[in-house]
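J.: Sharing a structure below in structure tokens format, with a few things to ask.
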Amino acid sequence: MNKKTLRIAGWALGLSMAVAGIGIAVGTGTKNAAEIKATSGDELSFDADSSLSGDYDSNWAYAFTVGANGNAPAAYADGIRVYNAKGANKYGGHLTLSPKAGNTSAYISSVVITISSTSYNPTIKIKAGNTSVAMSSAEESSLDATDTTYTYSPGNTTTRYIEFTSWNNTSGSYKQWRVSKFVINYSIPKTVSLDLKSGSTSTIMYGETTTLVATPGGGASGTYTWSLETNTPSSGSSDVVTFANADSNEMTFTGHYSGTAVVRVSIDGVHADFTITVNRILDGLVVKTVPSTIVYDEGDDFDDTGLVVTASYLGGASEDIAASSGKLSYSPSTSLSSSTTAITVSYTENGITKSVNQPVTVNAPAYTLDSLTWSASNINAFAGTTLTAETVAAFAVEAVWEEDVANTALSLGTYTLTIGSDEITSGDLPFTWTTSHSGKKLTASYTNNGVTKTASVDVTVVESLNTINKYSTTTGLTQAFDPTTNTSDTTSLTLGDITISVTGGTFGNETDYRVYKNQTMTISSEVATLTKIDFTFDSASYDGGGWSTSYSPNAKSWTSEAANGEQARIKALTVTYSKTTATDIANTNFTVQKAALEYVSSFNETMACSDSGNTENVVSKWSSVASAFSTKRTASGDATNFNNLFKYATAVEGGDSLQDMLARYDYIVAKYDVTDFLNAEGGAGRTAVSKAAYVNFGIEKSGSNDNSLFVIAVIGAASVIASGGFVLVTRKRSKEE
């Protein structure tokens with residue numbers, strides 16, 4: 001331990017500076033402030049009028065307090081006078097030494113008090129301790145005095161408070177304790193503290209790092225030595241940490257395996273410890289010992305007796321975990337069913353869960369199978385959609401027993417699922433529906449103890465009419481071209497929906513667009529119809545190339561005549577146009593689409609010709625197909641969506657069934673002047689194609705002989721004029737059908 005000795009020189013009138021070794025300044029009055037300088041050169045000041053208390057140095061404070069006779073200590077030329085008490089067993093004035101704020105480690109090794117005059121020497125008592133002290137007769141001890149010097153050595157490393165007092169004077173006379181000097185010899189123990197660096201933690205995961213910082217105190221210095229003082233890993237290597245920067249006051253280490261490590265730092269003979277916890281990272285789980293019971297009857301609970309799993313961790317460590325530890329979980333764990341083939345065993349550590357399957361056998365109940373039941377009553381689907389595992393699970397197929405027991409839920413695999421004669425397995429999912437499945441039955445079949453039961457539902461699959469475009473046209477749209485701001489380095493410029501280009505000229509002049517002599521300008525759009533084009537020319541010097549100031553092309557593209565004269569200089573250009581937008585309307589209502597498709601099929605069959613090609617009486621059947629439309633619309637349950645399917649679909653001969661029906665419908669309406677019921681009140685609000693569109697127009701549905709055929713038979717020029725010349729026929733279906 002380092003020791004530091006400070007001395008305070010008191011007043012000793014007549015003492016020479018050579019003897020004292022210090023400078024002394026003495027006040028001229030009996031209680032004036034006196035200045036004492038310690039031999040170390042530290043400056044100390046105290047004032048007799050303020051109870052003679054103050055700072056001894058950076059570590060200690062002192063205080064002289066009133067004696068039992070009531071006289072305050074005072075500063076005189078020959079020292080500080082501390083009065084004793086008159087009478088037996090009484091204390092006089094006190095000198096108290098105590099640590100200052102911030103002094104948490106320094107302790108007093110000895111105190112030397114010098115008395116200025118032997119004629120006034122009193123008896124001095126002392127009490128010392130490591131906390132604040134207060135003198136009492138039961139705790140007093142006398143100082144041994146040699147001449148005028150009293151020395152007290154606590155002989156320990158804990159004394160931080162000392163109180164001196166002049167003792168009673170049994171002779172009845174007052175004596176004074178005249179202190180000319182007191183010296184405190186004290187030591188500051190060497191220390192070192194160890195703590196986390198900011199941002200680090202005392203608990204880390206495998207592979208993570210943390211940093212400790214050592215802070216020396218009490219003058220400790222030298223080389224830092226780091227060590228792993230204790231290490232209790234739960235498994236794996238004993239090297240829990242790897243040290244780095246081990247020769248500085250900071251140390252970083254990495255955790256290799258789980259456990260607790262006490263890290264020690266040593267410097268200059270002292271050390272400090274810090275505890276680090278390294279948590280392992282679970283990496284896998286395997287079954288080491290199978291449980292005693294692996295065969296169960298349906299309804300039994302899982303028994304984990306005897307089960308042991310081995311948990312593996314990053315870095316190669318491992319640990320056996322027995323079921324008896326209570327750390328494992330199971331799924332399923334109760335009421336096992338005959339469909340259960342394995343128990344999932346799980347273990348969680350430090351927020352990480354790993355699982356392993358333990359195969360088991362669960363015997364089906366020895367009940368008599370009565371029937372099957374499932375939640376589905378029928379299956380409706382659009383062609384192209386899929387049957388998923390989630391949908392199959394929602395069927396909730398259950399075995400019903402003749403005995404009075406609860407139904408048993410079944411899963412695909414324990415029962416078979418067929419559509420018609422085709423089996424659907426879990427590997428087939430998702431299963432895609434086609435219209436060929438419509439009208440077939442979806443059947444579940446389950447066998448138990450030699451008894452097989454089935455349950456079926458009807459399947460209806462219709463073609464999807466989900467996406468039909470509704471077109472709307474916006475008119476009066478404009479696009480302005482300003483040569484001063486809308487420029488281009490090429491001979492083409494596009495703004496919005498409109499593109500302008502020239503065969504020769506410039507769009508980069510920043511004052512006007514220039515079309516050179518004998519060159520042309522084209523204005524076009526891929527999505528819009530140009531209804532009007534307005535030019536403003538620089539007519540002061542040029543005549544606009546001979547162009548008009550306004551054009552109405554009503555087309556997607558307009559090209560000017562060649563510019564004559566010198567040039568066409570355009571100061572402004574505005575294009576007015578209309579634009580048609582297609583809005584996708586979706587109809588996923590199965591009932592609506594099914595009703596629409598049934599009507600389409602009925603219409604196409606009704607509005608046909610005989611096999612011989614003779615024209616049937618279209619007009620007489622028209623009222624019935626119109627009435628059927630109204631009936632099916634009502635049956636769909638959603639008249640608006642039902643109408644929309646017919647309103648916005650496109651008539652395409654040879655397209656899907658709806659498009660083909662509308663092509664046939666438009667042909668008949670145009671040819672025979674029958675009622676256009678799709679455009680009638682309450683109908684779909686659709687306008688059929690005009691008659692003019694069907695003059696000399698034949699429609700034939702492409703494909704093999706089993707497809708319908710529209711034919712406009714030209715019987716002869718005279719008969720064409722007389723009867724309209726249009727005959728609707730159908731090809732005879734092939735004999736192979």
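Residues in the structure tokens are named by chain (A, B, ... in the order shown) and by number from 1 within that chain; ligands are numbered from 1 in the order shown.
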Tell me, as a ChimeraX atom specification, which residues lie within 10 Å of segment 628-640 of chain A, counting only C-alpha atoms; anything in the same chain fewer than 5 positions away does not count.
T.: /A:589-600,602-603,622-623,645,677-678,682-684
J.: Take the residues just selected and output them with C-alpha atoms as a PDB file, in the first residue's frame.
T.:
ATOM      1  CA  ASN A 589     -71.278 -16.207 -57.639  1.00  0.00           C
ATOM      2  CA  PHE A 590     -71.547 -19.887 -58.486  1.00  0.00           C
ATOM      3  CA  THR A 591     -75.348 -19.926 -58.491  1.00  0.00           C
ATOM      4  CA  VAL A 592     -75.511 -17.000 -60.916  1.00  0.00           C
ATOM      5  CA  GLN A 593     -73.019 -18.505 -63.343  1.00  0.00           C
ATOM      6  CA  LYS A 594     -74.618 -21.949 -63.144  1.00  0.00           C
ATOM      7  CA  ALA A 595     -78.044 -20.491 -63.940  1.00  0.00           C
ATOM      8  CA  ALA A 596     -76.582 -18.431 -66.815  1.00  0.00           C
ATOM      9  CA  LEU A 597     -74.811 -21.438 -68.317  1.00  0.00           C
ATOM     10  CA  GLU A 598     -77.945 -23.584 -68.038  1.00  0.00           C
ATOM     11  CA  TYR A 599     -79.857 -20.901 -69.923  1.00  0.00           C
ATOM     12  CA  VAL A 600     -77.100 -20.636 -72.559  1.00  0.00           C
ATOM     13  CA  SER A 602     -80.997 -24.389 -73.393  1.00  0.00           C
ATOM     14  CA  PHE A 603     -80.950 -21.481 -75.840  1.00  0.00           C
ATOM     15  CA  TRP A 622     -88.674 -17.026 -79.382  1.00  0.00           C
ATOM     16  CA  SER A 623     -91.212 -16.216 -76.711  1.00  0.00           C
ATOM     17  CA  LEU A 645     -72.937 -11.651 -67.670  1.00  0.00           C
ATOM     18  CA  PHE A 677     -85.435  -9.303 -74.875  1.00  0.00           C
ATOM     19  CA  LEU A 678     -81.824  -8.887 -73.644  1.00  0.00           C
ATOM     20  CA  GLY A 682     -85.674  -5.607 -66.781  1.00  0.00           C
ATOM     21  CA  GLY A 683     -83.317  -7.435 -69.126  1.00  0.00           C
ATOM     22  CA  ALA A 684     -79.575  -7.266 -69.441  1.00  0.00           C
TER      23      ALA A 684
END
J.: What's the 9 Å shell around Ala528 of chain A, counting only C-alpha atoms, without same-chain residues fewer than 5 positions away, as a list in words?
T.: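 Here the qualifying residues turn out to be Asp497, Ile498, Ala555, Lys556, Tyr577, Ser578, Lys579 and Thr580 of chain A.
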J.: Measure the distance from atom CA of Phe274 of chain A to atom CA of Gly217 of chain A in Å and round it to one decimal.
T.: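 The value is 17.1 Å.
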J.: Among segment 566-626 of chain A, which residues does DSSP mark as helix (DSSP H, G or I) when it is run on the backbone? Keep the chain and numbering as in the structure and answer as a PyMOL selection string.
T.: chain A and resi 590-606+618-626
J.: Can you write just those residues out, N, CA, C and O atoms, as a short mmCIF file (atom, residue, chain, number, x, y, z; two decimals), in the first residue's frame?
T.:
data_model
loop_
_atom_site.label_atom_id
_atom_site.label_comp_id
_atom_site.auth_asym_id
_atom_site.auth_seq_id
_atom_site.Cartn_x
_atom_site.Cartn_y
_atom_site.Cartn_z
N PHE A 590 -71.38 -18.61 -57.79
CA PHE A 590 -71.55 -19.89 -58.49
C PHE A 590 -72.98 -20.06 -58.97
O PHE A 590 -73.23 -20.51 -60.09
N THR A 591 -73.94 -19.73 -58.13
CA THR A 591 -75.35 -19.93 -58.49
C THR A 591 -75.72 -19.11 -59.72
O THR A 591 -76.43 -19.58 -60.61
N VAL A 592 -75.22 -17.87 -59.78
CA VAL A 592 -75.51 -17.00 -60.92
C VAL A 592 -74.91 -17.59 -62.20
O VAL A 592 -75.59 -17.69 -63.23
N GLN A 593 -73.66 -17.98 -62.15
CA GLN A 593 -73.02 -18.50 -63.34
C GLN A 593 -73.64 -19.83 -63.78
O GLN A 593 -73.80 -20.10 -64.97
N LYS A 594 -73.99 -20.67 -62.80
CA LYS A 594 -74.62 -21.95 -63.14
C LYS A 594 -75.95 -21.71 -63.86
O LYS A 594 -76.26 -22.34 -64.88
N ALA A 595 -76.75 -20.78 -63.32
CA ALA A 595 -78.04 -20.49 -63.94
C ALA A 595 -77.86 -19.92 -65.34
O ALA A 595 -78.59 -20.27 -66.28
N ALA A 596 -76.83 -19.03 -65.51
CA ALA A 596 -76.58 -18.43 -66.82
C ALA A 596 -76.16 -19.49 -67.83
O ALA A 596 -76.62 -19.51 -68.97
N LEU A 597 -75.28 -20.40 -67.41
CA LEU A 597 -74.81 -21.44 -68.32
C LEU A 597 -75.92 -22.42 -68.68
O LEU A 597 -75.98 -22.93 -69.81
N GLU A 598 -76.81 -22.71 -67.73
CA GLU A 598 -77.94 -23.58 -68.04
C GLU A 598 -78.85 -22.93 -69.08
O GLU A 598 -79.35 -23.59 -69.99
N TYR A 599 -79.03 -21.60 -68.94
CA TYR A 599 -79.86 -20.90 -69.92
C TYR A 599 -79.16 -20.90 -71.29
O TYR A 599 -79.80 -21.12 -72.32
N VAL A 600 -77.85 -20.65 -71.30
CA VAL A 600 -77.10 -20.64 -72.56
C VAL A 600 -77.24 -21.98 -73.28
O VAL A 600 -77.49 -22.05 -74.49
N SER A 601 -77.08 -23.07 -72.52
CA SER A 601 -77.19 -24.41 -73.11
C SER A 601 -78.58 -24.64 -73.69
O SER A 601 -78.75 -25.16 -74.81
N SER A 602 -79.61 -24.21 -72.94
CA SER A 602 -81.00 -24.39 -73.39
C SER A 602 -81.26 -23.58 -74.65
O SER A 602 -81.90 -24.05 -75.59
N PHE A 603 -80.74 -22.35 -74.69
CA PHE A 603 -80.95 -21.48 -75.84
C PHE A 603 -80.31 -22.09 -77.09
O PHE A 603 -80.91 -22.14 -78.15
N ASN A 604 -79.06 -22.54 -76.95
CA ASN A 604 -78.34 -23.08 -78.10
C ASN A 604 -79.01 -24.35 -78.65
O ASN A 604 -78.99 -24.60 -79.85
N GLU A 605 -79.59 -25.14 -77.77
CA GLU A 605 -80.28 -26.34 -78.23
C GLU A 605 -81.63 -25.99 -78.88
O GLU A 605 -82.05 -26.62 -79.85
N THR A 606 -82.30 -24.98 -78.32
CA THR A 606 -83.63 -24.60 -78.84
C THR A 606 -83.51 -23.89 -80.18
O THR A 606 -84.27 -24.16 -81.12
N VAL A 618 -88.38 -20.31 -85.91
CA VAL A 618 -87.68 -19.53 -84.89
C VAL A 618 -88.63 -18.63 -84.13
O VAL A 618 -88.59 -18.52 -82.90
N VAL A 619 -89.50 -17.98 -84.84
CA VAL A 619 -90.39 -16.99 -84.23
C VAL A 619 -91.28 -17.64 -83.18
O VAL A 619 -91.51 -17.09 -82.09
N SER A 620 -91.78 -18.83 -83.45
CA SER A 620 -92.70 -19.47 -82.51
C SER A 620 -92.00 -19.88 -81.22
O SER A 620 -92.64 -19.99 -80.17
N LYS A 621 -90.69 -20.10 -81.28
CA LYS A 621 -89.95 -20.51 -80.08
C LYS A 621 -89.33 -19.33 -79.34
O LYS A 621 -88.82 -19.49 -78.23
N TRP A 622 -89.36 -18.19 -79.98
CA TRP A 622 -88.67 -17.03 -79.38
C TRP A 622 -89.28 -16.60 -78.06
O TRP A 622 -88.58 -16.25 -77.12
N SER A 623 -90.57 -16.62 -77.96
CA SER A 623 -91.21 -16.22 -76.71
C SER A 623 -90.84 -17.15 -75.57
O SER A 623 -90.71 -16.73 -74.41
N SER A 624 -90.65 -18.43 -75.89
CA SER A 624 -90.30 -19.38 -74.83
C SER A 624 -88.87 -19.15 -74.33
O SER A 624 -88.61 -19.24 -73.12
N VAL A 625 -87.92 -18.86 -75.23
CA VAL A 625 -86.54 -18.61 -74.76
C VAL A 625 -86.47 -17.27 -74.02
O VAL A 625 -85.66 -17.11 -73.10
N ALA A 626 -87.31 -16.31 -74.41
CA ALA A 626 -87.36 -15.04 -73.67
C ALA A 626 -87.90 -15.26 -72.27
O ALA A 626 -87.40 -14.71 -71.28
#
J.: Let me make sure I understand: among A:Leu465, A:Ile419, A:Ala582, A:Ala444, which one has the smallest atom-to-atom distance to Ser657 of chain A if we use only C-alpha atoms?
T.: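 Counting only C-alpha atoms, the residue closest to Ser657 of chain A is A:Leu465.
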J.: In Å to one decimal, how far is atom CA of Ser371 of chain A from atom CA of Ala399 of chain A?
T.: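 Interatomic distance, atom CA of Ala399 of chain A to atom CA of Ser371 of chain A: 6.2 Å.
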J.: Contacts of segment 329-345 of chain A at 8 Å or less, counting only C-alpha atoms, minus same-chain residues fewer than 4 places along, as a short mmCIF file (atom, residue, chain, number, x, y, z; two decimals) with N, CA and C atoms, in the first residue's frame?
T.:
data_model
loop_
_atom_site.label_atom_id
_atom_site.label_comp_id
_atom_site.auth_asym_id
_atom_site.auth_seq_id
_atom_site.Cartn_x
_atom_site.Cartn_y
_atom_site.Cartn_z
N TYR A 296 -50.96 -48.37 -28.78
CA TYR A 296 -52.09 -47.86 -28.01
C TYR A 296 -53.40 -48.28 -28.65
N ASP A 297 -54.46 -48.20 -27.86
CA ASP A 297 -55.81 -48.31 -28.39
C ASP A 297 -56.36 -46.90 -28.57
N GLU A 298 -57.19 -46.72 -29.55
CA GLU A 298 -57.77 -45.40 -29.81
C GLU A 298 -58.43 -44.87 -28.54
N GLY A 299 -58.15 -43.62 -28.24
CA GLY A 299 -58.69 -42.99 -27.03
C GLY A 299 -57.70 -42.96 -25.89
N ASP A 300 -56.60 -43.77 -25.98
CA ASP A 300 -55.59 -43.75 -24.93
C ASP A 300 -54.81 -42.44 -24.94
N ASP A 301 -54.18 -42.13 -23.79
CA ASP A 301 -53.27 -41.00 -23.69
C ASP A 301 -51.84 -41.48 -23.90
N PHE A 302 -51.01 -40.62 -24.43
CA PHE A 302 -49.61 -40.96 -24.66
C PHE A 302 -48.89 -41.12 -23.33
N SER A 355 -38.01 -30.36 -32.60
CA SER A 355 -38.95 -31.46 -32.47
C SER A 355 -38.44 -32.70 -33.18
N VAL A 356 -38.96 -33.87 -32.76
CA VAL A 356 -38.65 -35.14 -33.39
C VAL A 356 -39.90 -36.01 -33.27
N ASN A 357 -40.13 -36.86 -34.26
CA ASN A 357 -41.30 -37.73 -34.25
C ASN A 357 -40.96 -39.09 -33.65
N GLN A 358 -41.81 -39.54 -32.74
CA GLN A 358 -41.71 -40.88 -32.18
C GLN A 358 -42.85 -41.72 -32.75
N PRO A 359 -42.54 -42.68 -33.63
CA PRO A 359 -43.60 -43.50 -34.22
C PRO A 359 -44.38 -44.28 -33.16
N VAL A 360 -45.69 -44.37 -33.34
CA VAL A 360 -46.56 -45.17 -32.48
C VAL A 360 -47.61 -45.85 -33.34
N THR A 361 -48.23 -46.85 -32.77
CA THR A 361 -49.34 -47.54 -33.42
C THR A 361 -50.57 -47.36 -32.55
N VAL A 362 -51.65 -46.89 -33.16
CA VAL A 362 -52.90 -46.71 -32.43
C VAL A 362 -53.96 -47.60 -33.08
N ASN A 363 -54.38 -48.59 -32.35
CA ASN A 363 -55.36 -49.53 -32.88
C ASN A 363 -56.74 -48.90 -32.96
N ALA A 364 -57.43 -49.17 -34.06
CA ALA A 364 -58.79 -48.67 -34.21
C ALA A 364 -59.69 -49.32 -33.17
N PRO A 365 -60.75 -48.65 -32.78
CA PRO A 365 -61.64 -49.23 -31.76
C PRO A 365 -62.31 -50.49 -32.27
N THR A 408 -65.90 -40.81 -34.71
CA THR A 408 -64.44 -40.70 -34.84
C THR A 408 -64.09 -39.90 -36.09
N LEU A 410 -62.02 -38.71 -39.14
CA LEU A 410 -61.09 -39.40 -40.03
C LEU A 410 -60.33 -38.37 -40.87
N SER A 411 -59.14 -38.73 -41.30
CA SER A 411 -58.36 -37.88 -42.18
C SER A 411 -58.07 -38.64 -43.46
N THR A 414 -56.74 -42.37 -44.01
CA THR A 414 -57.44 -43.41 -43.28
C THR A 414 -58.73 -43.78 -44.01
#
J.: With only C-alpha atoms as the counted atoms, please give the residues lying no more than 6 Å from segment 504-508 of chain A, apart from itself and same-chain residues fewer than 5 positions off, as a list in words.
T.: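 Near segment 504-508 of chain A, the qualifying residues are Thr487, Ser488, Asp489, Thr491, Tyr513, Arg514, Val515, Tyr516 and Gln519 of chain A.
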J.: What would the file look like if the residues just selected were written as an mmCIF file, in the first residue's frame with N, CA, C and O atoms?
T.:
data_model
loop_
_atom_site.group_PDB
_atom_site.id
_atom_site.type_symbol
_atom_site.label_atom_id
_atom_site.label_comp_id
_atom_site.auth_asym_id
_atom_site.auth_seq_id
_atom_site.Cartn_x
_atom_site.Cartn_y
_atom_site.Cartn_z
ATOM 1 N N THR A 487 -40.370 19.887 -75.071
ATOM 2 C CA THR A 487 -39.377 19.815 -76.139
ATOM 3 C C THR A 487 -38.844 18.402 -76.297
ATOM 4 O O THR A 487 -39.033 17.547 -75.431
ATOM 5 N N SER A 488 -38.147 18.164 -77.398
ATOM 6 C CA SER A 488 -37.542 16.864 -77.669
ATOM 7 C C SER A 488 -36.343 17.050 -78.584
ATOM 8 O O SER A 488 -36.344 17.917 -79.467
ATOM 9 N N ASP A 489 -35.314 16.203 -78.368
ATOM 10 C CA ASP A 489 -34.128 16.247 -79.220
ATOM 11 C C ASP A 489 -34.308 15.412 -80.477
ATOM 12 O O ASP A 489 -33.442 15.412 -81.362
ATOM 13 N N THR A 491 -37.248 13.730 -83.535
ATOM 14 C CA THR A 491 -38.373 14.203 -84.361
ATOM 15 C C THR A 491 -39.681 13.602 -83.891
ATOM 16 O O THR A 491 -40.664 13.555 -84.634
ATOM 17 N N TYR A 513 -42.626 24.717 -82.763
ATOM 18 C CA TYR A 513 -42.343 23.464 -83.445
ATOM 19 C C TYR A 513 -42.206 23.776 -84.936
ATOM 20 O O TYR A 513 -43.082 24.447 -85.512
ATOM 21 N N ARG A 514 -41.167 23.268 -85.597
ATOM 22 C CA ARG A 514 -40.928 23.612 -86.993
ATOM 23 C C ARG A 514 -41.023 22.357 -87.877
ATOM 24 O O ARG A 514 -40.359 21.349 -87.624
ATOM 25 N N VAL A 515 -41.874 22.471 -88.890
ATOM 26 C CA VAL A 515 -41.993 21.431 -89.906
ATOM 27 C C VAL A 515 -41.432 22.023 -91.200
ATOM 28 O O VAL A 515 -41.938 23.017 -91.711
ATOM 29 N N TYR A 516 -40.360 21.402 -91.670
ATOM 30 C CA TYR A 516 -39.662 21.995 -92.812
ATOM 31 C C TYR A 516 -40.482 21.855 -94.102
ATOM 32 O O TYR A 516 -41.425 21.063 -94.186
ATOM 33 N N GLN A 519 -42.284 18.737 -95.895
ATOM 34 C CA GLN A 519 -42.317 17.664 -94.894
ATOM 35 C C GLN A 519 -43.712 17.593 -94.254
ATOM 36 O O GLN A 519 -44.524 18.523 -94.385
#
J.: Can you tell me which residues surround Thr165 of chain A at a distance of at most 9 Å, considering only C-alpha atoms, apart from same-chain residues fewer than 6 positions away, and format the answer as a CSV table (one decimal) with N, CA, C and O atoms, in the first residue's frame?
T.:
chain,number,residue,atom,x,y,z
A,67,GLY,N,-15.6,22.5,24.3
A,67,GLY,CA,-15.4,21.6,25.4
A,67,GLY,C,-16.5,21.7,26.4
A,67,GLY,O,-17.5,22.5,26.3
A,82,VAL,N,-7.5,24.1,23.2
A,82,VAL,CA,-8.7,23.3,23.4
A,82,VAL,C,-8.8,23.0,24.9
A,82,VAL,O,-7.9,22.4,25.5
A,84,ASN,N,-10.0,21.7,28.6
A,84,ASN,CA,-10.5,20.4,29.1
A,84,ASN,C,-11.8,20.7,30.0
A,84,ASN,O,-12.2,21.9,30.1
A,91,TYR,N,-15.7,15.2,29.7
A,91,TYR,CA,-14.9,15.4,28.5
A,91,TYR,C,-14.8,16.9,28.2
A,91,TYR,O,-15.8,17.6,28.5
A,92,GLY,N,-13.7,17.3,27.6
A,92,GLY,CA,-13.5,18.7,27.2
A,92,GLY,C,-13.7,18.8,25.7
A,92,GLY,O,-14.6,18.2,25.1
A,93,GLY,N,-12.9,19.7,25.2
A,93,GLY,CA,-13.0,20.0,23.7
A,93,GLY,C,-12.6,18.8,22.9
A,93,GLY,O,-11.8,17.9,23.3
A,94,HIS,N,-13.1,18.8,21.7
A,94,HIS,CA,-12.8,17.6,20.8
A,94,HIS,C,-12.1,18.0,19.5
A,94,HIS,O,-12.4,19.1,19.0
A,95,LEU,N,-11.3,17.1,19.0
A,95,LEU,CA,-10.7,17.2,17.6
A,95,LEU,C,-11.3,16.0,16.9
A,95,LEU,O,-11.0,14.9,17.3
A,96,THR,N,-12.0,16.3,15.8
A,96,THR,CA,-12.6,15.1,15.0
A,96,THR,C,-12.0,15.1,13.6
A,96,THR,O,-11.9,16.2,12.9
A,123,THR,N,-4.8,15.0,29.9
A,123,THR,CA,-4.9,13.6,29.5
A,123,THR,C,-5.8,13.6,28.2
A,123,THR,O,-6.8,14.3,28.1
A,124,ILE,N,-5.4,12.9,27.2
A,124,ILE,CA,-6.1,12.8,25.9
A,124,ILE,C,-6.7,11.4,25.7
A,124,ILE,O,-6.0,10.4,25.9
A,125,LYS,N,-7.9,11.4,25.4
A,125,LYS,CA,-8.7,10.1,25.1
A,125,LYS,C,-9.0,10.1,23.6
A,125,LYS,O,-9.0,11.1,23.0
A,126,ILE,N,-9.1,8.9,23.1
A,126,ILE,CA,-9.4,8.7,21.7
A,126,ILE,C,-10.4,7.6,21.4
A,126,ILE,O,-10.5,6.6,22.2
A,127,LYS,N,-11.2,7.8,20.4
A,127,LYS,CA,-12.1,6.7,19.9
A,127,LYS,C,-11.9,6.7,18.3
A,127,LYS,O,-11.9,7.7,17.7
A,135,MET,N,-17.7,10.0,21.4
A,135,MET,CA,-17.0,9.6,22.6
A,135,MET,C,-18.0,9.4,23.7
A,135,MET,O,-18.9,10.1,23.9
J.: With a distance cut-off of 9 Å and only C-alpha atoms, select the neighbouring residues of Pro553 of chain A, excluding the residue or stretch itself and same-chain residues fewer than 6 positions from it, and output the selection as a PyMOL selection string.
T.: chain A and resi 529-533
J.: With distances taken over only C-alpha atoms, which residue among A:Ile113, A:Asn486, A:Ala128, A:Thr210 lies nearest Phe182 of chain A?
T.: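 When distances to Phe182 of chain A are compared using only C-alpha atoms, the smallest one comes from A:Ile113.
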J.: Taking into account only C-alpha atoms, which residue in the set A:Lys354, A:Lys671, A:Arg264, A:Lys190 is nearest to Thr225 of chain A?
T.: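 Under the stated criterion, the closest residue is A:Arg264.
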J.: Of the candidates A:Thr293, A:Thr158, A:Ser324, A:Thr209, which shows the shortest atom-to-atom distance to Val278 of chain A, using only C-alpha atoms?
T.: A:Thr209
J.: When you count only C-alpha atoms, which of these residues is closest to Thr474 of chain A: A:Leu307, A:Leu387, A:Val527, A:Leu442?
T.: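 Closest candidate: A:Val527.
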J.: A:Thr583, A:Ala261, A:Tyr667, A:Val308: which is nearest Ser472 of chain A, counting only C-alpha atoms?
T.: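 The shortest atom-to-atom distance to Ser472 of chain A comes from A:Thr583.
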J.: Skipping near chain neighbours, those fewer than 5 positions away, what residues fall within 7 Å of Asp320 of chain A using only C-alpha atoms, listed as a ChimeraX atom specification?
T.: /A:308-311
J.: For the residues selected in the previous step, produce a file with N, CA and C atoms as a PDB file, in the first residue's frame.
T.:
ATOM      1  N   VAL A 308     -36.214 -40.952 -23.702  1.00  0.00           N
ATOM      2  CA  VAL A 308     -35.050 -40.082 -23.553  1.00  0.00           C
ATOM      3  C   VAL A 308     -34.701 -39.543 -24.939  1.00  0.00           C
ATOM      4  N   VAL A 309     -34.521 -38.235 -25.024  1.00  0.00           N
ATOM      5  CA  VAL A 309     -34.087 -37.619 -26.279  1.00  0.00           C
ATOM      6  C   VAL A 309     -32.723 -36.976 -26.060  1.00  0.00           C
ATOM      7  N   THR A 310     -31.987 -36.844 -27.139  1.00  0.00           N
ATOM      8  CA  THR A 310     -30.682 -36.174 -27.082  1.00  0.00           C
ATOM      9  C   THR A 310     -30.780 -34.847 -27.818  1.00  0.00           C
ATOM     10  N   ALA A 311     -30.501 -33.769 -27.075  1.00  0.00           N
ATOM     11  CA  ALA A 311     -30.492 -32.428 -27.668  1.00  0.00           C
ATOM     12  C   ALA A 311     -29.067 -32.098 -28.088  1.00  0.00           C
TER      13      ALA A 311
END
